[in-house]
file structure_28.cif (mmCIF, C-alpha atoms (C1' of nucleotides); chains and numbers go by the auth columns)
data_upload
loop_
_atom_site.group_PDB
_atom_site.id
_atom_site.type_symbol
_atom_site.label_atom_id
_atom_site.label_comp_id
_atom_site.label_asym_id
_atom_site.label_seq_id
_atom_site.Cartn_x
_atom_site.Cartn_y
_atom_site.Cartn_z
_atom_site.B_iso_or_equiv
_atom_site.auth_seq_id
_atom_site.auth_asym_id
ATOM 1 C CA MET A 1 138.261 165.295 -155.736 0.00 1 A
ATOM 2 C CA ARG A 2 137.012 162.885 -158.359 0.00 2 A
ATOM 3 C CA GLU A 3 138.006 163.218 -161.950 0.00 3 A
ATOM 4 C CA ASP A 4 134.467 163.832 -163.183 0.00 4 A
ATOM 5 C CA GLU A 5 133.902 166.469 -160.505 0.00 5 A
ATOM 6 C CA ALA A 6 137.088 168.198 -161.571 0.00 6 A
ATOM 7 C CA ALA A 7 136.056 168.074 -165.216 0.00 7 A
ATOM 8 C CA GLU A 8 132.650 169.586 -164.498 0.00 8 A
ATOM 9 C CA LEU A 9 134.054 172.334 -162.331 0.00 9 A
ATOM 10 C CA ALA A 10 136.794 173.058 -164.852 0.00 10 A
ATOM 11 C CA GLY A 11 134.070 173.564 -167.434 0.00 11 A
ATOM 12 C CA VAL A 12 132.531 176.369 -165.397 0.00 12 A
ATOM 13 C CA PHE A 13 135.887 178.015 -164.814 0.00 13 A
ATOM 14 C CA LYS A 14 136.671 177.727 -168.498 0.00 14 A
ATOM 15 C CA ALA A 15 133.548 179.730 -169.201 0.00 15 A
ATOM 16 C CA LEU A 16 134.771 182.382 -166.760 0.00 16 A
ATOM 17 C CA ALA A 17 138.320 182.361 -168.096 0.00 17 A
ATOM 18 C CA ASP A 18 137.845 185.124 -170.618 0.00 18 A
ATOM 19 C CA PRO A 19 137.819 188.861 -170.003 0.00 19 A
ATOM 20 C CA VAL A 20 134.981 189.472 -172.432 0.00 20 A
ATOM 21 C CA ARG A 21 132.787 186.857 -170.778 0.00 21 A
ATOM 22 C CA LEU A 22 133.575 188.198 -167.313 0.00 22 A
ATOM 23 C CA ARG A 23 132.553 191.673 -168.367 0.00 23 A
ATOM 24 C CA LEU A 24 129.415 190.336 -170.022 0.00 24 A
ATOM 25 C CA LEU A 25 128.491 188.469 -166.864 0.00 25 A
ATOM 26 C CA ASN A 26 129.181 191.555 -164.820 0.00 26 A
ATOM 27 C CA MET A 27 127.028 193.698 -167.085 0.00 27 A
ATOM 28 C CA ILE A 28 124.157 191.256 -166.946 0.00 28 A
ATOM 29 C CA ALA A 29 124.370 190.894 -163.180 0.00 29 A
ATOM 30 C CA SER A 30 124.475 194.611 -162.613 0.00 30 A
ATOM 31 C CA ALA A 31 121.774 195.493 -165.121 0.00 31 A
ATOM 32 C CA GLU A 32 118.525 197.038 -163.988 0.00 32 A
ATOM 33 C CA ASP A 33 115.773 194.520 -163.352 0.00 33 A
ATOM 34 C CA GLY A 34 118.520 191.909 -163.348 0.00 34 A
ATOM 35 C CA GLU A 35 118.469 191.423 -167.070 0.00 35 A
ATOM 36 C CA ALA A 36 120.169 192.868 -170.102 0.00 36 A
ATOM 37 C CA CYS A 37 119.308 192.898 -173.779 0.00 37 A
ATOM 38 C CA VAL A 38 121.923 191.570 -176.160 0.00 38 A
ATOM 39 C CA CYS A 39 121.648 194.825 -178.066 0.00 39 A
ATOM 40 C CA ASP A 40 122.996 196.633 -174.974 0.00 40 A
ATOM 41 C CA LEU A 41 125.823 194.149 -174.525 0.00 41 A
ATOM 42 C CA THR A 42 127.325 194.481 -177.973 0.00 42 A
ATOM 43 C CA GLY A 43 128.062 198.192 -177.976 0.00 43 A
ATOM 44 C CA PRO A 44 130.666 198.364 -175.181 0.00 44 A
ATOM 45 C CA PHE A 45 132.957 195.907 -176.982 0.00 45 A
ATOM 46 C CA GLU A 46 134.898 196.361 -180.149 0.00 46 A
ATOM 47 C CA LEU A 47 133.786 192.963 -181.267 0.00 47 A
ATOM 48 C CA SER A 48 131.368 191.741 -183.867 0.00 48 A
ATOM 49 C CA GLY A 49 127.851 190.663 -183.011 0.00 49 A
ATOM 50 C CA PRO A 50 128.517 187.006 -183.735 0.00 50 A
ATOM 51 C CA THR A 51 131.461 187.042 -181.350 0.00 51 A
ATOM 52 C CA ILE A 52 129.365 188.431 -178.507 0.00 52 A
ATOM 53 C CA SER A 53 126.700 185.897 -179.316 0.00 53 A
ATOM 54 C CA HIS A 54 129.295 183.162 -179.116 0.00 54 A
ATOM 55 C CA HIS A 55 130.475 184.273 -175.679 0.00 55 A
ATOM 56 C CA LEU A 56 126.915 184.475 -174.405 0.00 56 A
ATOM 57 C CA LYS A 57 126.391 180.958 -175.596 0.00 57 A
ATOM 58 C CA VAL A 58 129.434 179.759 -173.668 0.00 58 A
ATOM 59 C CA LEU A 59 128.109 181.394 -170.501 0.00 59 A
ATOM 60 C CA ARG A 60 124.701 179.892 -171.182 0.00 60 A
ATOM 61 C CA ASN A 61 126.097 176.394 -171.726 0.00 61 A
ATOM 62 C CA ALA A 62 127.968 176.683 -168.453 0.00 62 A
ATOM 63 C CA GLY A 63 124.683 177.398 -166.694 0.00 63 A
ATOM 64 C CA LEU A 64 125.802 180.832 -165.565 0.00 64 A
ATOM 65 C CA ILE A 65 123.165 182.793 -167.447 0.00 65 A
ATOM 66 C CA GLU A 66 119.873 182.115 -169.150 0.00 66 A
ATOM 67 C CA GLY A 67 118.239 183.953 -171.985 0.00 67 A
ATOM 68 C CA GLU A 68 114.729 184.616 -173.144 0.00 68 A
ATOM 69 C CA ARG A 69 113.368 186.138 -176.291 0.00 69 A
ATOM 70 C CA ARG A 70 110.684 188.782 -175.918 0.00 70 A
ATOM 71 C CA GLY A 71 109.590 190.097 -179.243 0.00 71 A
ATOM 72 C CA THR A 72 112.498 191.336 -181.255 0.00 72 A
ATOM 73 C CA TRP A 73 115.036 191.254 -178.437 0.00 73 A
ATOM 74 C CA VAL A 74 116.725 188.599 -176.359 0.00 74 A
ATOM 75 C CA TYR A 75 117.280 189.241 -172.667 0.00 75 A
ATOM 76 C CA TYR A 76 119.800 187.486 -170.440 0.00 76 A
ATOM 77 C CA ARG A 77 119.841 187.045 -166.656 0.00 77 A
ATOM 78 C CA VAL A 78 122.324 185.415 -164.307 0.00 78 A
ATOM 79 C CA VAL A 79 121.451 182.157 -162.563 0.00 79 A
ATOM 80 C CA PRO A 80 121.973 183.118 -158.909 0.00 80 A
ATOM 81 C CA GLU A 81 122.181 179.558 -157.602 0.00 81 A
ATOM 82 C CA LYS A 82 125.120 178.845 -159.858 0.00 82 A
ATOM 83 C CA LEU A 83 126.978 181.866 -158.573 0.00 83 A
ATOM 84 C CA THR A 84 126.308 181.222 -154.911 0.00 84 A
ATOM 85 C CA ARG A 85 127.469 177.651 -155.351 0.00 85 A
ATOM 86 C CA LEU A 86 130.747 178.929 -156.730 0.00 86 A
ATOM 87 C CA SER A 87 131.058 181.329 -153.835 0.00 87 A
ATOM 88 C CA GLY A 88 131.479 178.520 -151.374 0.00 88 A
ATOM 89 C CA LEU A 89 134.096 176.685 -153.379 0.00 89 A
ATOM 90 C CA PHE A 90 137.111 178.537 -152.096 0.00 90 A
ATOM 91 C CA ALA A 91 136.323 178.251 -148.449 0.00 91 A
ATOM 92 C CA LEU A 92 138.791 175.645 -147.345 0.00 92 A
ATOM 93 C CA PRO A 93 136.357 172.751 -146.830 0.00 93 A
ATOM 94 C CA VAL A 94 135.638 172.249 -150.503 0.00 94 A
ATOM 95 C CA LEU A 95 139.213 172.561 -151.552 0.00 95 A
ATOM 96 C CA THR A 96 140.355 170.224 -148.877 0.00 96 A
ATOM 97 C CA GLY A 97 137.510 167.834 -149.484 0.00 97 A
ATOM 98 C CA THR A 98 136.681 167.728 -145.800 0.00 98 A
ATOM 99 C CA MET B 1 134.149 196.164 -164.397 0.00 1 B
ATOM 100 C CA ARG B 2 137.213 197.618 -166.051 0.00 2 B
ATOM 101 C CA GLU B 3 138.960 195.851 -168.864 0.00 3 B
ATOM 102 C CA ASP B 4 142.207 195.374 -166.945 0.00 4 B
ATOM 103 C CA GLU B 5 140.331 194.014 -163.932 0.00 5 B
ATOM 104 C CA ALA B 6 138.561 191.544 -166.164 0.00 6 B
ATOM 105 C CA ALA B 7 141.822 190.483 -167.767 0.00 7 B
ATOM 106 C CA GLU B 8 143.495 189.903 -164.420 0.00 8 B
ATOM 107 C CA LEU B 9 140.576 187.945 -163.044 0.00 9 B
ATOM 108 C CA ALA B 10 140.282 185.932 -166.232 0.00 10 B
ATOM 109 C CA GLY B 11 143.905 184.945 -165.773 0.00 11 B
ATOM 110 C CA VAL B 12 143.131 183.363 -162.415 0.00 12 B
ATOM 111 C CA PHE B 13 140.105 181.528 -163.787 0.00 13 B
ATOM 112 C CA LYS B 14 142.147 180.355 -166.721 0.00 14 B
ATOM 113 C CA ALA B 15 144.523 178.735 -164.277 0.00 15 B
ATOM 114 C CA LEU B 16 141.566 176.975 -162.662 0.00 16 B
ATOM 115 C CA ALA B 17 139.989 175.980 -165.961 0.00 17 B
ATOM 116 C CA ASP B 18 141.649 172.596 -166.206 0.00 18 B
ATOM 117 C CA PRO B 19 140.659 169.381 -164.418 0.00 19 B
ATOM 118 C CA VAL B 20 144.253 168.390 -163.752 0.00 20 B
ATOM 119 C CA ARG B 21 145.054 171.718 -162.156 0.00 21 B
ATOM 120 C CA LEU B 22 141.899 171.637 -160.044 0.00 22 B
ATOM 121 C CA ARG B 23 142.833 168.225 -158.730 0.00 23 B
ATOM 122 C CA LEU B 24 146.399 169.338 -158.088 0.00 24 B
ATOM 123 C CA LEU B 25 145.149 172.344 -156.146 0.00 25 B
ATOM 124 C CA ASN B 26 142.776 170.130 -154.219 0.00 26 B
ATOM 125 C CA MET B 27 145.549 167.661 -153.380 0.00 27 B
ATOM 126 C CA ILE B 28 147.860 170.412 -152.198 0.00 28 B
ATOM 127 C CA ALA B 29 145.171 172.090 -150.115 0.00 29 B
ATOM 128 C CA SER B 30 144.160 168.835 -148.483 0.00 30 B
ATOM 129 C CA ALA B 31 147.680 167.565 -147.864 0.00 31 B
ATOM 130 C CA GLU B 32 148.968 167.062 -144.351 0.00 32 B
ATOM 131 C CA ASP B 33 150.860 170.058 -142.993 0.00 33 B
ATOM 132 C CA GLY B 34 149.301 172.004 -145.841 0.00 34 B
ATOM 133 C CA GLU B 35 151.988 171.133 -148.308 0.00 35 B
ATOM 134 C CA ALA B 36 152.655 168.427 -150.850 0.00 36 B
ATOM 135 C CA CYS B 37 155.794 167.215 -152.568 0.00 37 B
ATOM 136 C CA VAL B 38 155.777 167.159 -156.346 0.00 38 B
ATOM 137 C CA CYS B 39 156.789 163.530 -156.140 0.00 39 B
ATOM 138 C CA ASP B 40 153.432 162.787 -154.473 0.00 40 B
ATOM 139 C CA LEU B 41 151.479 164.772 -157.048 0.00 41 B
ATOM 140 C CA THR B 42 152.767 162.985 -160.104 0.00 42 B
ATOM 141 C CA GLY B 43 151.681 159.459 -159.262 0.00 43 B
ATOM 142 C CA PRO B 44 147.885 159.895 -159.246 0.00 44 B
ATOM 143 C CA PHE B 45 147.876 161.139 -162.844 0.00 45 B
ATOM 144 C CA GLU B 46 148.615 159.258 -166.004 0.00 46 B
ATOM 145 C CA LEU B 47 150.659 162.173 -167.193 0.00 47 B
ATOM 146 C CA SER B 48 154.355 162.743 -167.641 0.00 48 B
ATOM 147 C CA GLY B 49 156.414 164.575 -165.037 0.00 49 B
ATOM 148 C CA PRO B 50 156.977 167.608 -167.242 0.00 50 B
ATOM 149 C CA THR B 51 153.246 167.976 -167.784 0.00 51 B
ATOM 150 C CA ILE B 52 152.576 168.042 -164.039 0.00 52 B
ATOM 151 C CA SER B 53 155.419 170.501 -163.649 0.00 53 B
ATOM 152 C CA HIS B 54 153.837 172.691 -166.313 0.00 54 B
ATOM 153 C CA HIS B 55 150.472 172.703 -164.533 0.00 55 B
ATOM 154 C CA LEU B 56 152.092 173.555 -161.222 0.00 56 B
ATOM 155 C CA LYS B 57 153.823 176.443 -162.901 0.00 57 B
ATOM 156 C CA VAL B 58 150.512 177.752 -164.210 0.00 58 B
ATOM 157 C CA LEU B 59 149.013 177.603 -160.717 0.00 59 B
ATOM 158 C CA ARG B 60 152.119 179.270 -159.351 0.00 60 B
ATOM 159 C CA ASN B 61 152.042 182.086 -161.920 0.00 61 B
ATOM 160 C CA ALA B 62 148.393 182.681 -161.057 0.00 62 B
ATOM 161 C CA GLY B 63 149.392 183.179 -157.430 0.00 63 B
ATOM 162 C CA LEU B 64 147.301 180.247 -156.248 0.00 64 B
ATOM 163 C CA ILE B 65 150.183 178.188 -154.892 0.00 65 B
ATOM 164 C CA GLU B 66 153.791 178.725 -153.958 0.00 66 B
ATOM 165 C CA GLY B 67 156.652 176.279 -153.954 0.00 67 B
ATOM 166 C CA GLU B 68 159.841 175.802 -152.035 0.00 68 B
ATOM 167 C CA ARG B 69 162.767 173.474 -152.521 0.00 69 B
ATOM 168 C CA ARG B 70 164.006 171.636 -149.465 0.00 70 B
ATOM 169 C CA GLY B 71 166.898 169.408 -150.321 0.00 71 B
ATOM 170 C CA THR B 72 166.020 167.074 -153.142 0.00 72 B
ATOM 171 C CA TRP B 73 162.312 167.754 -153.124 0.00 73 B
ATOM 172 C CA VAL B 74 160.066 170.668 -153.974 0.00 74 B
ATOM 173 C CA TYR B 75 157.002 171.317 -151.808 0.00 75 B
ATOM 174 C CA TYR B 76 153.936 173.321 -152.769 0.00 76 B
ATOM 175 C CA ARG B 77 151.365 175.083 -150.576 0.00 77 B
ATOM 176 C CA VAL B 78 148.225 177.031 -151.391 0.00 78 B
ATOM 177 C CA VAL B 79 148.119 180.789 -150.898 0.00 79 B
ATOM 178 C CA PRO B 80 145.073 181.130 -148.631 0.00 80 B
ATOM 179 C CA GLU B 81 144.546 184.847 -149.231 0.00 81 B
ATOM 180 C CA LYS B 82 144.146 184.242 -152.935 0.00 82 B
ATOM 181 C CA LEU B 83 141.492 181.619 -152.319 0.00 83 B
ATOM 182 C CA THR B 84 139.514 183.641 -149.808 0.00 84 B
ATOM 183 C CA ARG B 85 139.557 186.584 -152.185 0.00 85 B
ATOM 184 C CA LEU B 86 138.000 184.383 -154.848 0.00 86 B
ATOM 185 C CA SER B 87 135.409 183.187 -152.388 0.00 87 B
ATOM 186 C CA GLY B 88 133.840 186.594 -152.162 0.00 88 B
ATOM 187 C CA LEU B 89 133.687 187.148 -155.902 0.00 89 B
ATOM 188 C CA PHE B 90 130.376 185.452 -156.522 0.00 90 B
ATOM 189 C CA ALA B 91 128.448 187.182 -153.825 0.00 91 B
ATOM 190 C CA LEU B 92 126.382 189.634 -155.766 0.00 92 B
ATOM 191 C CA PRO B 93 128.247 192.827 -154.818 0.00 93 B
ATOM 192 C CA VAL B 94 131.366 192.022 -156.778 0.00 94 B
ATOM 193 C CA LEU B 95 129.514 190.815 -159.797 0.00 95 B
ATOM 194 C CA THR B 96 127.239 193.769 -159.770 0.00 96 B
ATOM 195 C CA GLY B 97 130.027 196.166 -159.036 0.00 97 B
ATOM 196 C CA THR B 98 128.098 197.769 -156.205 0.00 98 B
ATOM 197 C "C1'" DC C 1 104.114 188.865 -198.625 0.00 1 C
ATOM 198 C "C1'" DT C 2 108.338 191.904 -198.625 0.00 2 C
ATOM 199 C "C1'" DC C 3 111.571 194.503 -196.140 0.00 3 C
ATOM 200 C "C1'" DC C 4 114.195 195.655 -192.063 0.00 4 C
ATOM 201 C "C1'" DT C 5 116.393 194.864 -187.596 0.00 5 C
ATOM 202 C "C1'" DG C 6 118.078 191.841 -183.847 0.00 6 C
ATOM 203 C "C1'" DA C 7 120.317 187.650 -182.905 0.00 7 C
ATOM 204 C "C1'" DT C 8 122.250 183.144 -183.871 0.00 8 C
ATOM 205 C "C1'" DT C 9 124.587 179.633 -186.672 0.00 9 C
ATOM 206 C "C1'" DC C 10 128.073 178.259 -190.089 0.00 10 C
ATOM 207 C "C1'" DG C 11 132.699 177.870 -191.976 0.00 11 C
ATOM 208 C "C1'" DA C 12 137.332 179.443 -192.078 0.00 12 C
ATOM 209 C "C1'" DA C 13 141.789 181.673 -190.277 0.00 13 C
ATOM 210 C "C1'" DA C 14 144.738 182.727 -186.601 0.00 14 C
ATOM 211 C "C1'" DT C 15 146.036 181.895 -182.220 0.00 15 C
ATOM 212 C "C1'" DC C 16 146.433 179.510 -177.913 0.00 16 C
ATOM 213 C "C1'" DC C 17 146.987 175.334 -174.942 0.00 17 C
ATOM 214 C "C1'" DA C 18 147.944 170.487 -173.162 0.00 18 C
ATOM 215 C "C1'" DT C 19 150.943 167.073 -173.840 0.00 19 C
ATOM 216 C "C1'" DC C 20 154.980 164.671 -175.136 0.00 20 C
ATOM 217 C "C1'" DT C 21 160.215 163.658 -175.575 0.00 21 C
ATOM 218 C "C1'" DA C 22 164.738 165.327 -174.956 0.00 22 C
ATOM 219 C "C1'" DA C 23 167.771 168.132 -172.630 0.00 23 C
ATOM 220 C "C1'" DG C 24 169.132 170.868 -168.650 0.00 24 C
ATOM 221 C "C1'" DT C 25 169.460 172.166 -163.539 0.00 25 C
ATOM 222 C "C1'" DA C 26 169.691 171.097 -158.453 0.00 26 C
ATOM 223 C "C1'" DG C 27 170.818 168.306 -154.888 0.00 27 C
ATOM 224 C "C1'" DT C 28 172.539 163.930 -152.510 0.00 28 C
ATOM 225 C "C1'" DA C 29 175.707 160.096 -152.138 0.00 29 C
ATOM 226 C "C1'" DC C 30 179.734 157.886 -153.103 0.00 30 C
ATOM 227 C "C1'" DG D 1 185.023 164.091 -159.602 0.00 1 D
ATOM 228 C "C1'" DT D 2 180.883 160.416 -161.366 0.00 2 D
ATOM 229 C "C1'" DA D 3 176.336 158.604 -160.772 0.00 3 D
ATOM 230 C "C1'" DC D 4 171.693 158.800 -159.491 0.00 4 D
ATOM 231 C "C1'" DT D 5 167.204 161.059 -158.425 0.00 5 D
ATOM 232 C "C1'" DA D 6 163.827 165.056 -158.443 0.00 6 D
ATOM 233 C "C1'" DC D 7 162.259 168.577 -160.948 0.00 7 D
ATOM 234 C "C1'" DT D 8 162.176 172.210 -164.606 0.00 8 D
ATOM 235 C "C1'" DT D 9 162.917 174.107 -169.223 0.00 9 D
ATOM 236 C "C1'" DA D 10 162.880 173.858 -174.364 0.00 10 D
ATOM 237 C "C1'" DG D 11 160.915 172.593 -178.581 0.00 11 D
ATOM 238 C "C1'" DA D 12 157.416 170.205 -181.320 0.00 12 D
ATOM 239 C "C1'" DT D 13 152.749 168.745 -182.393 0.00 13 D
ATOM 240 C "C1'" DG D 14 147.693 167.954 -182.331 0.00 14 D
ATOM 241 C "C1'" DG D 15 143.605 169.804 -180.744 0.00 15 D
ATOM 242 C "C1'" DA D 16 140.837 173.477 -178.883 0.00 16 D
ATOM 243 C "C1'" DT D 17 139.418 178.669 -178.893 0.00 17 D
ATOM 244 C "C1'" DT D 18 138.685 183.260 -180.437 0.00 18 D
ATOM 245 C "C1'" DT D 19 137.418 185.959 -184.017 0.00 19 D
ATOM 246 C "C1'" DC D 20 135.536 187.251 -188.350 0.00 20 D
ATOM 247 C "C1'" DG D 21 132.246 187.636 -192.566 0.00 21 D
ATOM 248 C "C1'" DA D 22 128.409 185.440 -194.769 0.00 22 D
ATOM 249 C "C1'" DA D 23 124.332 183.137 -194.335 0.00 23 D
ATOM 250 C "C1'" DT D 24 120.284 182.087 -191.690 0.00 24 D
ATOM 251 C "C1'" DC D 25 116.477 182.468 -188.401 0.00 25 D
ATOM 252 C "C1'" DA D 26 112.679 185.350 -185.695 0.00 26 D
ATOM 253 C "C1'" DG D 27 109.784 188.896 -185.303 0.00 27 D
ATOM 254 C "C1'" DG D 28 107.670 193.531 -186.340 0.00 28 D
ATOM 255 C "C1'" DA D 29 106.228 197.203 -189.899 0.00 29 D
ATOM 256 C "C1'" DG D 30 104.307 198.474 -194.013 0.00 30 D
#

call {"tool": "encode", "arguments": {"input": "structure_28.cif", "output": "structure tokens"}}
result
Amino acid sequence: MREDEAAELAGVFKALADPVRLRLLNMIASAEDGEACVCDLTGPFELSGPTISHHLKVLRNAGLIEGERRGTWVYYRVVPEKLTRLSGLFALPVLTGT
Amino acid sequence: MREDEAAELAGVFKALADPVRLRLLNMIASAEDGEACVCDLTGPFELSGPTISHHLKVLRNAGLIEGERRGTWVYYRVVPEKLTRLSGLFALPVLTGT
DNA sequence: CTCCTGATTCGAAATCCATCTAAGTAGTAC
DNA sequence: GTACTACTTAGATGGATTTCGAATCAGGAG
């Protein structure tokens, strides 16, 4: 595994390495119509709005979710390709580099 | 996704969220006989021995690898069950909680 | 245009993490 | 026993991360 590969992959895992972000991702993925409004994501946490916004930005920068503004609200969806790519990572071939 | 689930899972991702640890895991998984001596893991990095030892400990605490001392040397192996469990995480069901 | 609400950005405080050196433990060889 | 090697633990430090409140931006209502 090359150093730059490792760095890129570590970036994605770093985005996932937080309980709040995992729950956010889970909420977005399991939302109806596959998308969730930020306003619905803030309530379940005892965290300030800016903090939630920060975590969403981390997930967005990692390419795990994407957001869109529609009128007053911003909606986020998961990026399925990113998730399915991760799915294959732990099957031995990728780890072993074969 | 419950808060304690998220915390536990985040712990595993936190262990993976470092390029050095990803490369260590990759080296161990791709080693002959499925195990690698610490002495072989230190060379490829421009890092001190204690730093490598620290990263191995993080991987070990996350349950991703396990080590065994045989004489002078310590050998590490991956824990396959842990990896295959992670593999399934990104298929939609787990993310969506369905 | 002014006000209000939803969301993000900014700047600061507290905490966590990767890395080092120095010291300690485990085992072999003599 | 001493000496040497392999590895881990302990303590310190610089840099990154999480969180907040305050300020700002975007859009709708009056």

call {"tool": "interface_residues", "arguments": {"input": "structure_28.cif", "of": "chain A", "to": "chain B", "cutoff": "6 Å", "atoms": "all atoms listed in the file", "output": "count of residues only"}}
result
16

call {"tool": "closest_residue", "arguments": {"input": "structure_28.cif", "among": "B:Val74, B:Leu56, B:Ala62, B:Ala36", "to": "chain D", "atoms": "all atoms listed in the file"}}
result
B:Val74

call {"tool": "closest_atom_pairs", "arguments": {"input": "structure_28.cif", "of": "chain B", "to": "chain D", "cutoff": "12 Å", "atoms": "all atoms listed in the file", "output": "Markdown table"}}
result
| residue | atom | partner | partner_atom | distance |
| --- | --- | --- | --- | --- |
| B:Cys37 | CA | D:DA6 | C1' | 10.2 |
| B:Val38 | CA | D:DC7 | C1' | 8.1 |
| B:Cys39 | CA | D:DA6 | C1' | 7.6 |
| B:Asp40 | CA | D:DA6 | C1' | 11.4 |
| B:Thr42 | CA | D:DC7 | C1' | 11.0 |
| B:Ser48 | CA | D:DC7 | C1' | 11.9 |
| B:Gly49 | CA | D:DC7 | C1' | 8.2 |
| B:Pro50 | CA | D:DT8 | C1' | 7.4 |
| B:Thr51 | CA | D:DT8 | C1' | 10.4 |
| B:Ile52 | CA | D:DC7 | C1' | 10.2 |
| B:Ser53 | CA | D:DT8 | C1' | 7.0 |
| B:His54 | CA | D:DT8 | C1' | 8.5 |
| B:His55 | CA | D:DT8 | C1' | 11.7 |
| B:Leu56 | CA | D:DT8 | C1' | 10.7 |
| B:Lys57 | CA | D:DT8 | C1' | 9.5 |
| B:Gly67 | CA | D:DC7 | C1' | 11.8 |
| B:Glu68 | CA | D:DC7 | C1' | 11.7 |
| B:Arg69 | CA | D:DC7 | C1' | 9.8 |
| B:Arg70 | CA | D:DA6 | C1' | 11.1 |
| B:Gly71 | CA | D:DA6 | C1' | 9.7 |
| B:Thr72 | CA | D:DA6 | C1' | 6.1 |
| B:Trp73 | CA | D:DA6 | C1' | 6.2 |
| B:Val74 | CA | D:DC7 | C1' | 7.6 |
| B:Tyr75 | CA | D:DC7 | C1' | 10.9 |

call {"tool": "interface_residues", "arguments": {"input": "structure_28.cif", "of": "chain C", "to": "chain A", "cutoff": "8 Å", "atoms": "only C-alpha atoms (C1' of nucleotides)", "output": "list of chain:residue names"}}
result
C:DG6, C:DA7, C:DT8

call {"tool": "axis_aligned_box", "arguments": {"input": "structure_28.cif", "around": "region 86-91 of chain A", "padding_each_side": "3 Å", "output": "JSON"}}
result
{"center_x": 133.9, "center_y": 179.0, "center_z": -152.6, "size_x": 12.4, "size_y": 10.6, "size_z": 14.3}

call {"tool": "atom_distance", "arguments": {"input": "structure_28.cif", "atom1": "CA of Glu35 (chain B)", "atom2": "CA of Val78 (chain B)"}}
result
7.6 Å

call {"tool": "decode", "arguments": {"input": "structure_28.cif", "residues": "region 25-41 of chain B", "atoms": "N, CA and C atoms", "output": "mmCIF file, in the first residue's frame"}}
result
data_model
loop_
_atom_site.group_PDB
_atom_site.id
_atom_site.type_symbol
_atom_site.label_atom_id
_atom_site.label_comp_id
_atom_site.auth_asym_id
_atom_site.auth_seq_id
_atom_site.Cartn_x
_atom_site.Cartn_y
_atom_site.Cartn_z
ATOM 1 N N LEU B 25 -1.319 -2.329 9.096
ATOM 2 C CA LEU B 25 -2.336 -3.375 8.970
ATOM 3 C C LEU B 25 -2.193 -4.093 7.636
ATOM 4 N N ASN B 26 -1.964 -3.306 6.603
ATOM 5 C CA ASN B 26 -1.776 -3.887 5.273
ATOM 6 C C ASN B 26 -0.557 -4.806 5.229
ATOM 7 N N MET B 27 0.537 -4.367 5.839
ATOM 8 C CA MET B 27 1.753 -5.192 5.851
ATOM 9 C C MET B 27 1.518 -6.496 6.595
ATOM 10 N N ILE B 28 0.837 -6.402 7.731
ATOM 11 C CA ILE B 28 0.594 -7.604 8.525
ATOM 12 C C ILE B 28 -0.312 -8.565 7.767
ATOM 13 N N ALA B 29 -1.366 -8.004 7.162
ATOM 14 C CA ALA B 29 -2.322 -8.860 6.452
ATOM 15 C C ALA B 29 -1.693 -9.520 5.234
ATOM 16 N N SER B 30 -0.728 -8.850 4.629
ATOM 17 C CA SER B 30 -0.150 -9.397 3.406
ATOM 18 C C SER B 30 1.155 -10.137 3.664
ATOM 19 N N ALA B 31 1.520 -10.296 4.922
ATOM 20 C CA ALA B 31 2.763 -10.987 5.244
ATOM 21 C C ALA B 31 2.627 -12.485 5.003
ATOM 22 N N GLU B 32 3.754 -13.115 4.747
ATOM 23 C CA GLU B 32 3.745 -14.573 4.583
ATOM 24 C C GLU B 32 3.347 -15.213 5.904
ATOM 25 N N ASP B 33 2.643 -16.330 5.805
ATOM 26 C CA ASP B 33 2.151 -17.040 6.985
ATOM 27 C C ASP B 33 1.164 -16.195 7.771
ATOM 28 N N GLY B 34 0.770 -15.052 7.218
ATOM 29 C CA GLY B 34 -0.222 -14.233 7.885
ATOM 30 C C GLY B 34 0.255 -13.524 9.126
ATOM 31 N N GLU B 35 1.539 -13.502 9.342
ATOM 32 C CA GLU B 35 2.022 -12.772 10.511
ATOM 33 C C GLU B 35 3.336 -12.078 10.202
ATOM 34 N N ALA B 36 3.558 -10.978 10.927
ATOM 35 C CA ALA B 36 4.761 -10.184 10.699
ATOM 36 C C ALA B 36 5.411 -9.844 12.034
ATOM 37 N N CYS B 37 6.737 -9.867 12.015
ATOM 38 C CA CYS B 37 7.507 -9.509 13.205
ATOM 39 C C CYS B 37 7.611 -7.991 13.288
ATOM 40 N N VAL B 38 7.563 -7.467 14.488
ATOM 41 C CA VAL B 38 7.679 -6.032 14.674
ATOM 42 C C VAL B 38 8.966 -5.514 14.039
ATOM 43 N N CYS B 39 9.992 -6.334 14.115
ATOM 44 C CA CYS B 39 11.286 -5.915 13.572
ATOM 45 C C CYS B 39 11.199 -5.650 12.072
ATOM 46 N N ASP B 40 10.266 -6.327 11.384
ATOM 47 C CA ASP B 40 10.086 -6.109 9.949
ATOM 48 C C ASP B 40 9.166 -4.928 9.662
ATOM 49 N N LEU B 41 8.431 -4.495 10.661
ATOM 50 C CA LEU B 41 7.463 -3.417 10.456
ATOM 51 C C LEU B 41 8.075 -2.045 10.705
#
